[in-house]
Every structure is written in C-alpha cells, then in structure tokens.
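In what follows, a single structure is set out as structure tokens and then discussed.
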Amino acid sequence: IAGITQAPTSQILAAGRRMTLRCTQDMRHNAMYWYRQDLGLGLRLIHYSNTAGTTGKGEVPDGYSVSRANTDDFPLTLASAVPSQTSVYFCASSEGDRTGGYTFGSGTRLTVV
Amino acid sequence: GQSLEQPSEVTAVEGAIVQINCTYQTSGFYGLSWYQQHDGGAPTFLSYNALDGLEETGRFSSFLSRSDSYGYLLLQELQMKDSASYFCAVRVRPSFRGSQGNLIFGKGTKLSVKP
C-alpha cells in the first residue's frame with residue numbers, strides 16, 4: 001500500500017441497501033476526509049476526522065456516517081442508499097499542518113439504482 | 001458561508017501561457033490551494049498560498065491577494081498533458097478548537113490544450 005487505498009473501485013447498489021466505502025492510508029496522517037464529486041458541483045466535503053477518535057460534519061453530511069477507530073482507516077457508510085447519492089467518492093488525508101496539501105485516493109464510483 | 005468562483009472552461013494552445021482565476025468569499029480564511037485532476041483520476045495537490053504574493057513551482061505559479069480575496073494559477077509553456085480540470089480550494093478556520101480547518105473546493109476549471 002502506498003498512499004490511500006479505496007475500495008471498492010466501483011459499485012452498483014440498489015436503493016435502500018446499506019453500503020460501506022473503505023479507505024485506508026499508510027502515511028500516518030492525522031486528518032482524513034470524505035468528499036463526493038458530482039459533475040458541475042466540484043468536490044464537496046461529507047465528513048472529516050482531525051485525529052483518531054474524532055469526526056465532524058462537512059457540507060453535505062446527511063445520509064452518511066463515518067468512524068475513526070484508528071489512524072489508518074476511515075470508512076464511510078450509507079445507511080440506506082438513495083439515487084441522489086450516486087457520485088464519485090474520494091477519500092483524502094493530510095498531515096493537518098495547514099499547508100493545504102491533501103493526498104487523495106483513486107475514488108469509488110457509486111451508482112444507486 | 002463559503003463560496004468560490006472560477007471559470008468553468010478555458011482553452012489554450014500548446015506552448016502558450018494561461019491564467020485561471022479564483023475569487024472567494026469565506027470567513028476564517030487560512031490559505032488558497034490549487035489541485036489538478038485528469039479525467040477519471042484523483043485530484044493532486046499543486047500549490048498553497050497562505051501569504052500575499054507569487055509562489056513558483058516549475059512551469060506552474062500561484063498568486064494570492066488576501067485583500068482582494070483573489071488568486072490565480074498560472075501555467076506556462078503549456079503541454080498537452082496539462083489538459084485537466086483545475087480546482088482552487090480555500091482552507092478555512094476550524095469551527096472548533098484543535099482542528100486544522102478544512103478545504104472547501106471551487107467547481108473547477110476545465111483546461112483544454114490544443115496543438
């Protein structure tokens with residue numbers, strides 16, 4: 001593993017189903033983030049975690065939950081998927097030193113039907 | 001609230017210079033970042049400006065004017081591989097103690113480099 005690993009790469013999900021997107025980093029970064037990217041809307045922050053054991057809500061948190069049990073893992077859960085959650089999801093991490101340099105994973109393309 | 005404005009599309013020819021502007025309105029501003037994203041890829045970090053002025057990294061430069069809430073990314077000697085989307089992002093002051101703040105992204109500028 002080098003950097004951030006996201007799984008799955010893509011997924012088609014039936015509406016109403018529960019889904020967890022996985023994110024693992026090996027850089028020992030304190031801060032981790034989940035963004036969704038939709039055409040014409042750019043990247044929008046869903047949830048974040050500044051350090052293991054803490055999480056916070058971003059711009060579009062409704063319908064999503066996260067946990068941060070350790071430094072490396074930051075899973076994103078959709079409790080009951082809806083079609084509007086069709087998007088590309090990016091996990092990112094940073095050292096949290098205010099330089100603005102985030103490292104992004106390769107993304108998960110999720111389609112809710 | 002936070003808002004960022006950048007052009008949706010820019011077209012330029014190989015070898016030319018292009019400037020992508022970004023204006024922002026935000027409370028608790030820390031700095032302005034730029035990211036590049038190729039189609040189907042992940043965003044990659046290009047630069048960060050916390051203070052006024054120009055930062056140069058190879059063919060790319062980034063500028064910030066805090067008083068004008070304005071910045072730009074300057075790409076010189078354009079190459080075909082520079083065709084990508086470019087996002088400005090503001091780092092905003094945290095809403096609670098201990099946080100380093102979060103990045104809020106603009107909607108991106110799609111740069112097309114023509115031969």
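Every chain in the structure tokens has a letter given in the order shown (A, B, ...), and although residue numbers restart at 1 in each chain, ligands are simply numbered from 1 in the order shown.
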- For chain A, work out the contacting residues on chain B at 7 Å, counting only C-alpha atoms, and write them as JSON, numbers by chain. {"B": [33, 41, 42, 43, 44, 45, 48, 91, 99, 100, 105, 106, 107, 108]}
- Among the residues of chain B, find those DSSP assigns to strand (DSSP E) from the backbone and print them as a ChimeraX atom specification. /B:3-5,9-13,18-25,29-37,44-49,53-57,60-65,70-75,84-92,102-105,109-114
- Of the candidates B:Gln76, B:Gln6, B:Asn102, B:Thr109, which shows the shortest atom-to-atom distance to Gly58 in chain B, using only C-alpha atoms? B:Gln76
